[in-house]
Number of protein chains: 2
Amino acid sequence: MCTGKLQEVFQAVRDASRFVALLSEEVKANILKDLAEAVLEQTPFLLEENRKDLEKMSSDDPKYDRLRLTESRLKDISLDLQHVAHLSSPLGTVISEEIRPNGMLLKRVRVPFGVVAVIYEARPNVSFDVFSLCLKTGNACILKGGHEAELSNKAIVTLIKNVLLKHGIPGQIVELLPSSREATTELLHADGYVDLLIPRGSGRLIRYVRENSKIPVIETGAGVCHTYFDSDGDVKKGAAIVCNAKTRRVSVCNALDCLIIHRDRLKDLPEICSPLEHYGVKIYADERAYAELEGNYPQALLQLADAECFGVEFLDYKMSVRTVDSLEEALQHIAKYGSKHSECIVTENEEHAECFLQSVDAACVYSNVSTAFTDGGQFGLGAEIGISTQKLHARGPMGLEALTTYKWVIRGNGQIRER
Amino acid sequence: MCTGKLQEVFQAVRDASRFVALLSEEVKANILKDLAEAVLEQTPFLLEENRKDLEKMSSDDPKYDRLRLTESRLKDISLDLQHVAHLSSPLGTVISEEIRPNGMLLKRVRVPFGVVAVIYEARPNVSFDVFSLCLKTGNACILKGGHEAELSNKAIVTLIKNVLLKHGIPGQIVELLPSSREATTELLHADGYVDLLIPRGSGRLIRYVRENSKIPVIETGAGVCHTYFDSDGDVKKGAAIVCNAKTRRVSVCNALDCLIIHRDRLKDLPEICSPLEHYGVKIYADERAYAELEGNYPQALLQLADAECFGVEFLDYKMSVRTVDSLEEALQHIAKYGSKHSECIVTENEEHAECFLQSVDAACVYSNVSTAFTDGGQFGLGAEIGISTQKLHARGPMGLEALTTYKWVIRGNGQIRER
């Protein structure tokens, strides 16, 4: 149990969580719609506070763009809030229902977690995301943003609390923690107060949280993604999928890192890789692949792969190529180097596809589809709180349902247990 | 990532997990049926090894009975194995299925976790439970039993491996770790090798695992359970439920610890408590309740409650009684002192029941039913790996489904993502 300075804050959020769990869907939707309007009305205030944060950062810093709010970004945020307001809530869904032999009615019903905490870095828009998805799912939330976004986040939470006040809702259903390291430490020890902790950000942050948290965590993040071009792959589909998965956005976790190719199709490798040239993708090829690409791909963008090139999340216009002798060898490569995120096979052979989809242990397994689709919106979840890279509770894109748990509800008329 | 002595063992189990995930239901059922027979055939060997463990323990030790195997217990274990063999498997269940607007087919399918580890104490029967439930759900498993049961567990795992061998299955799908403390530490750090860790045993063990594990944990265990006798409760039902919940088995986590009574029904308290006298249940009553019970309940079994008597898991013939002025006060008491395990209201008032079932944050909430039913078998789950006291992934009694996760399977014909 936490005993630090923030204990009172945690207790207040815990107490408020009982209240938010019972709010009607209508009230929650109205709050979100009002918040969407408030974001537009208060745009100058939000931009001003954001500007103060930005002034403290060099505009060359890769985080600068993530930290930055603009009028157009705030408009998008406002639209997102409207969108979440209209989503249907998973709360109250009956997962199973049964009358037991002794006559008692046993139901399993979706309920909120209670208190959800999110630790994130420079992006202030995450504050809106987390609040709106938690409110929709009946959860109170604790926000722990990065110090770079301190004033932006304070402004956002002030805005939210003002809207809550108008609706007569206790402001404690959302609390922003100080941006200090100590606050992070206290949060990681807040068992009994916080039911779920989601870290969003760099691999370093996520690792730190996993290794130090005393409360249940859902990990998000790192994706080392492969596409396997099978002996029976279609070259056109392969070229389009590889290019899309690699270049649509290189900074996202579902981006392609390693193309695996069956040795019988090495002669097609130049055609499969040719669209990448336009994007300046640097290729780290193993010996057999290198031999095929040499002379057929710009030499400046080609390099012989060493061991370091596999199992890496590049987050850049870079990709490794590995040649295998069989589907089984491809599966072994993925089992060894993949991060269980998104993995794809390109093949016209149904048996190979089935074997791949069954055997590969990953959140999302694809046959003849770009891994770029690993995303809550693309999967039709309506919203996304993150992409889970663990297996407990939620896997892959997490929507509203991932922010709920269930309880067993039992009704009877005096049943007792015999033995 | 673990780098210790056990790394090779972990890697071998990890590798074997790919194999067990693909076993057919028929093969798994046959293995379990053969194991059920082997337990009967090898009863003398198992009892002999168990006897060596027992010799090292005083027969007064409360763990002695838990450690002890008998012919009749082994028969029960054999029947349990037969039973699990015949359960239907959740693997392959399609949780959701949809054709997305771009034509790709998106399915969410139940799959094994991969490697499940269980840390437990003196009970050797847990080794059979864990292996059978993990095999049924396509998981490899790592067993970390208590040092008291070392020889018993070794004998059990030898037996299992012999049966696996006959079926041509790699023995590495189940491994027993050394019973040392160092092995526990290594296991807690085996991220990348172990997907899920379940501690079963004392509160101290569970707390230690929660605080030190780097891999996802499902907590089981502690239950501080309340029954609230409402202003509109039925005395007969109340008396039967309270007595059953308190006395059926005092050592289990669903046993009643605190009776909460509405002040308007204090005069019924002696009748509600009277069946407890027969079992010698000691009552720690608050002042108002004490005044009612004095002279109506054996004085030797009655004591005025102090603050220490609430929020306690007695695991004994002991119970506290708290008087409240309202349903709301009862809810507050449960929110403050409950362990979110099993909570009950006794009432004939539908509105009060509904409010209680909605408001109480616990794995199992009951109206007019004894909390003794919190159990996988009673809930119709077929088998139970434990009772989760956390909210992530599984809550309350955990059956086969709790030992599975899901993956997203996407099939298409070359779909790429536009933006």
# chains A, B, ... in the order shown; residues from 1 in each chain; ligands from 1

call {"tool": "closest_atom_pairs", "arguments": {"of": "chain B", "to": "chain A", "cutoff": "7 Å", "atoms": "only C-alpha atoms", "output": "Markdown table"}}
result
| residue | atom | partner | partner_atom | distance |
| --- | --- | --- | --- | --- |
| B:Phe113 | CA | A:Lys391 | CA | 6.7 |
| B:Arg210 | CA | A:Lys214 | CA | 6.3 |
| B:Glu211 | CA | A:Lys214 | CA | 5.3 |
| B:Lys214 | CA | A:Glu211 | CA | 5.3 |
| B:Pro216 | CA | A:Leu392 | CA | 6.9 |
| B:Lys237 | CA | A:Gly414 | CA | 5.0 |
| B:Ile241 | CA | A:Ile416 | CA | 6.0 |
| B:Asn244 | CA | A:Ile416 | CA | 6.1 |
| B:Leu357 | CA | A:Val409 | CA | 6.9 |
| B:Ala362 | CA | A:Lys407 | CA | 6.8 |
| B:Ala363 | CA | A:Lys407 | CA | 4.9 |
| B:Cys364 | CA | A:Trp408 | CA | 4.6 |
| B:Val365 | CA | A:Val409 | CA | 5.1 |
| B:Tyr366 | CA | A:Ile410 | CA | 4.7 |
| B:Ser367 | CA | A:Arg411 | CA | 4.8 |
| B:Asn368 | CA | A:Gly414 | CA | 4.9 |
| B:Val369 | CA | A:Gln415 | CA | 4.9 |
| B:Ser370 | CA | A:Ile416 | CA | 5.2 |
| B:Ala372 | CA | A:Arg417 | CA | 6.2 |
| B:Phe373 | CA | A:Arg417 | CA | 6.4 |
| B:Lys391 | CA | A:Thr405 | CA | 6.0 |
| B:Leu392 | CA | A:His393 | CA | 5.7 |
| B:His393 | CA | A:His393 | CA | 3.7 |
| B:Arg395 | CA | A:Lys407 | CA | 6.8 |
| B:Thr405 | CA | A:Lys391 | CA | 6.0 |
| B:Tyr406 | CA | A:Arg395 | CA | 6.9 |
| B:Lys407 | CA | A:Ala363 | CA | 4.9 |
| B:Trp408 | CA | A:Cys364 | CA | 4.6 |
| B:Val409 | CA | A:Val365 | CA | 5.1 |
| B:Ile410 | CA | A:Tyr366 | CA | 4.7 |
| B:Arg411 | CA | A:Ser367 | CA | 4.8 |
| B:Gly412 | CA | A:Asn368 | CA | 5.2 |
| B:Asn413 | CA | A:Asn368 | CA | 5.2 |
| B:Gly414 | CA | A:Asn368 | CA | 4.9 |
| B:Gln415 | CA | A:Val369 | CA | 4.9 |
| B:Ile416 | CA | A:Ser370 | CA | 5.2 |
| B:Arg417 | CA | A:Ala372 | CA | 6.2 |

call {"tool": "write_last_selection", "arguments": {"atoms": "C-alpha atoms", "output": "mmCIF file, in the first residue's frame"}}
result
data_model
loop_
_atom_site.group_PDB
_atom_site.id
_atom_site.type_symbol
_atom_site.label_atom_id
_atom_site.label_comp_id
_atom_site.auth_asym_id
_atom_site.auth_seq_id
_atom_site.Cartn_x
_atom_site.Cartn_y
_atom_site.Cartn_z
ATOM 1 C CA PHE B 113 -1.031 -18.365 -23.541
ATOM 2 C CA ARG B 210 3.138 -9.553 -6.891
ATOM 3 C CA GLU B 211 5.862 -7.289 -5.607
ATOM 4 C CA LYS B 214 8.567 -9.020 -13.883
ATOM 5 C CA PRO B 216 2.237 -10.828 -15.752
ATOM 6 C CA LYS B 237 -32.770 -17.102 4.760
ATOM 7 C CA ILE B 241 -26.888 -18.139 4.603
ATOM 8 C CA ASN B 244 -23.425 -21.791 5.685
ATOM 9 C CA LEU B 357 -25.286 -5.843 -6.807
ATOM 10 C CA ALA B 362 -16.221 -7.498 -6.050
ATOM 11 C CA ALA B 363 -15.561 -10.576 -8.180
ATOM 12 C CA CYS B 364 -18.812 -12.181 -7.002
ATOM 13 C CA VAL B 365 -21.843 -10.319 -5.680
ATOM 14 C CA TYR B 366 -24.752 -12.307 -4.256
ATOM 15 C CA SER B 367 -28.352 -11.614 -3.405
ATOM 16 C CA ASN B 368 -29.891 -14.176 -1.020
ATOM 17 C CA VAL B 369 -27.271 -16.830 -1.782
ATOM 18 C CA SER B 370 -24.398 -18.058 0.391
ATOM 19 C CA ALA B 372 -19.793 -20.462 -0.296
ATOM 20 C CA PHE B 373 -20.707 -20.870 -3.971
ATOM 21 C CA LYS B 391 -9.554 -7.433 -12.174
ATOM 22 C CA LEU B 392 -7.162 -7.875 -15.066
ATOM 23 C CA HIS B 393 -7.928 -10.776 -17.410
ATOM 24 C CA ARG B 395 -12.051 -12.354 -12.015
ATOM 25 C CA THR B 405 -5.773 -15.508 -24.576
ATOM 26 C CA TYR B 406 -6.813 -14.553 -28.089
ATOM 27 C CA LYS B 407 -5.244 -13.486 -31.308
ATOM 28 C CA TRP B 408 -6.541 -11.435 -34.203
ATOM 29 C CA VAL B 409 -6.489 -13.375 -37.466
ATOM 30 C CA ILE B 410 -6.776 -11.325 -40.640
ATOM 31 C CA ARG B 411 -7.178 -12.773 -44.130
ATOM 32 C CA GLY B 412 -7.282 -10.822 -47.343
ATOM 33 C CA ASN B 413 -6.138 -10.675 -50.915
ATOM 34 C CA GLY B 414 -3.586 -7.902 -50.925
ATOM 35 C CA GLN B 415 -5.237 -5.132 -48.879
ATOM 36 C CA ILE B 416 -3.053 -2.169 -48.033
ATOM 37 C CA ARG B 417 -3.881 0.785 -45.794
#

call {"tool": "residues_around", "arguments": {"residues": "region 167-176 of chain A", "least_positions_apart": "6", "cutoff": "6 Å", "atoms": "only C-alpha atoms", "output": "ChimeraX atom specification"}}
result
/A:13,16,140-143,161

call {"tool": "write_last_selection", "arguments": {"atoms": "N, CA and C atoms", "output": "PDB file, in the first residue's frame"}}
result
ATOM      1  N   VAL A  13      -9.527   9.739  -5.771  1.00  0.00           N
ATOM      2  CA  VAL A  13      -9.904   9.171  -7.074  1.00  0.00           C
ATOM      3  C   VAL A  13     -10.626   7.834  -6.856  1.00  0.00           C
ATOM      4  N   ALA A  16     -14.078   8.573  -5.801  1.00  0.00           N
ATOM      5  CA  ALA A  16     -14.867   9.102  -6.920  1.00  0.00           C
ATOM      6  C   ALA A  16     -15.189   8.004  -7.933  1.00  0.00           C
ATOM      7  N   ALA A 140     -12.707   6.029 -13.246  1.00  0.00           N
ATOM      8  CA  ALA A 140     -11.961   7.231 -12.892  1.00  0.00           C
ATOM      9  C   ALA A 140     -10.550   7.063 -13.450  1.00  0.00           C
ATOM     10  N   CYS A 141      -9.851   8.182 -13.681  1.00  0.00           N
ATOM     11  CA  CYS A 141      -8.508   8.026 -14.250  1.00  0.00           C
ATOM     12  C   CYS A 141      -7.480   8.936 -13.613  1.00  0.00           C
ATOM     13  N   ILE A 142      -6.276   8.425 -13.596  1.00  0.00           N
ATOM     14  CA  ILE A 142      -5.120   9.173 -13.097  1.00  0.00           C
ATOM     15  C   ILE A 142      -4.170   9.360 -14.269  1.00  0.00           C
ATOM     16  N   LEU A 143      -3.830  10.622 -14.542  1.00  0.00           N
ATOM     17  CA  LEU A 143      -2.961  10.946 -15.676  1.00  0.00           C
ATOM     18  C   LEU A 143      -1.572  11.296 -15.157  1.00  0.00           C
ATOM     19  N   LYS A 161     -12.238  19.550 -15.820  1.00  0.00           N
ATOM     20  CA  LYS A 161     -12.872  19.691 -14.500  1.00  0.00           C
ATOM     21  C   LYS A 161     -13.969  20.755 -14.525  1.00  0.00           C
TER      22      LYS A 161
END

call {"tool": "residues_around", "arguments": {"residues": "Glu49 (chain B)", "least_positions_apart": "4", "cutoff": "8 Å", "atoms": "only C-alpha atoms", "output": "ChimeraX atom specification"}}
result
/B:45,53,151-152,155

call {"tool": "select_by_dssp", "arguments": {"residues": "region 27-251 of chain A", "states": "strand (DSSP E or B)", "output": "number ranges by chain"}}
result
A: 94-99, 105-112, 115-119, 140-144, 174-176, 196-199, 217, 220, 225-229

call {"tool": "select_by_dssp", "arguments": {"residues": "region 102-184 of chain A", "states": "alpha helix (DSSP H)", "output": "PDB file with C-alpha atoms, in the first residue's frame"}}
result
ATOM      1  CA  ASN A 125      -3.657  14.802 -26.725  1.00  0.00           C
ATOM      2  CA  VAL A 126      -3.303  11.557 -24.768  1.00  0.00           C
ATOM      3  CA  SER A 127      -4.860  13.378 -21.785  1.00  0.00           C
ATOM      4  CA  PHE A 128      -8.092  13.830 -23.746  1.00  0.00           C
ATOM      5  CA  ASP A 129      -7.987  10.280 -25.109  1.00  0.00           C
ATOM      6  CA  VAL A 130      -7.537   8.674 -21.730  1.00  0.00           C
ATOM      7  CA  PHE A 131     -10.150  10.784 -19.991  1.00  0.00           C
ATOM      8  CA  SER A 132     -12.795  10.242 -22.654  1.00  0.00           C
ATOM      9  CA  LEU A 133     -12.301   6.485 -22.952  1.00  0.00           C
ATOM     10  CA  CYS A 134     -12.186   6.045 -19.177  1.00  0.00           C
ATOM     11  CA  LEU A 135     -15.314   8.132 -18.641  1.00  0.00           C
ATOM     12  CA  LYS A 136     -17.147   6.193 -21.336  1.00  0.00           C
ATOM     13  CA  GLU A 150       3.162  20.000 -17.825  1.00  0.00           C
ATOM     14  CA  LEU A 151       1.370  23.272 -18.552  1.00  0.00           C
ATOM     15  CA  SER A 152      -0.540  21.841 -21.509  1.00  0.00           C
ATOM     16  CA  ASN A 153      -1.804  18.964 -19.387  1.00  0.00           C
ATOM     17  CA  LYS A 154      -2.723  21.252 -16.498  1.00  0.00           C
ATOM     18  CA  ALA A 155      -4.750  23.382 -18.886  1.00  0.00           C
ATOM     19  CA  ILE A 156      -6.485  20.332 -20.341  1.00  0.00           C
ATOM     20  CA  VAL A 157      -7.404  18.923 -16.937  1.00  0.00           C
ATOM     21  CA  THR A 158      -8.667  22.336 -15.805  1.00  0.00           C
ATOM     22  CA  LEU A 159     -10.869  22.420 -18.868  1.00  0.00           C
ATOM     23  CA  ILE A 160     -12.195  18.925 -18.156  1.00  0.00           C
ATOM     24  CA  LYS A 161     -12.872  19.691 -14.500  1.00  0.00           C
ATOM     25  CA  ASN A 162     -14.807  22.828 -15.433  1.00  0.00           C
ATOM     26  CA  VAL A 163     -17.067  20.801 -17.673  1.00  0.00           C
ATOM     27  CA  LEU A 164     -17.535  18.171 -14.944  1.00  0.00           C
ATOM     28  CA  LEU A 165     -18.412  20.924 -12.463  1.00  0.00           C
ATOM     29  CA  LYS A 166     -21.188  22.168 -14.760  1.00  0.00           C
ATOM     30  CA  ARG A 181       9.855  11.191 -10.908  1.00  0.00           C
ATOM     31  CA  GLU A 182       8.678  10.733  -7.327  1.00  0.00           C
ATOM     32  CA  ALA A 183       5.083  10.869  -8.488  1.00  0.00           C
ATOM     33  CA  THR A 184       5.800   8.037 -10.931  1.00  0.00           C
TER      34      THR A 184
END

call {"tool": "closest_residue", "arguments": {"among": "B:Tyr297, B:Cys253, B:Gly233, B:Ala12", "to": "Glu350 (chain B)", "atoms": "only C-alpha atoms"}}
result
B:Gly233

call {"tool": "atom_distance", "arguments": {"atom1": "CA of Thr93 (chain B)", "atom2": "CA of Gly376 (chain A)"}}
result
21.4 Å

call {"tool": "closest_residue", "arguments": {"among": "B:Asp306, B:Glu41, B:Glu148, B:Glu351", "to": "Leu327 (chain B)", "atoms": "only C-alpha atoms"}}
result
B:Glu351

call {"tool": "closest_residue", "arguments": {"among": "B:Val109, B:Leu79, B:Val224, B:Val252", "to": "Leu91 (chain B)", "atoms": "only C-alpha atoms"}}
result
B:Val109

call {"tool": "closest_residue", "arguments": {"among": "A:Gly280, A:Thr137, A:Gly103, A:Glu328", "to": "Pro90 (chain A)", "atoms": "only C-alpha atoms"}}
result
A:Thr137

call {"tool": "closest_residue", "arguments": {"among": "B:Asp230, B:Val194, B:Leu188, B:Ser89", "to": "Gly399 (chain B)", "atoms": "only C-alpha atoms"}}
result
B:Ser89
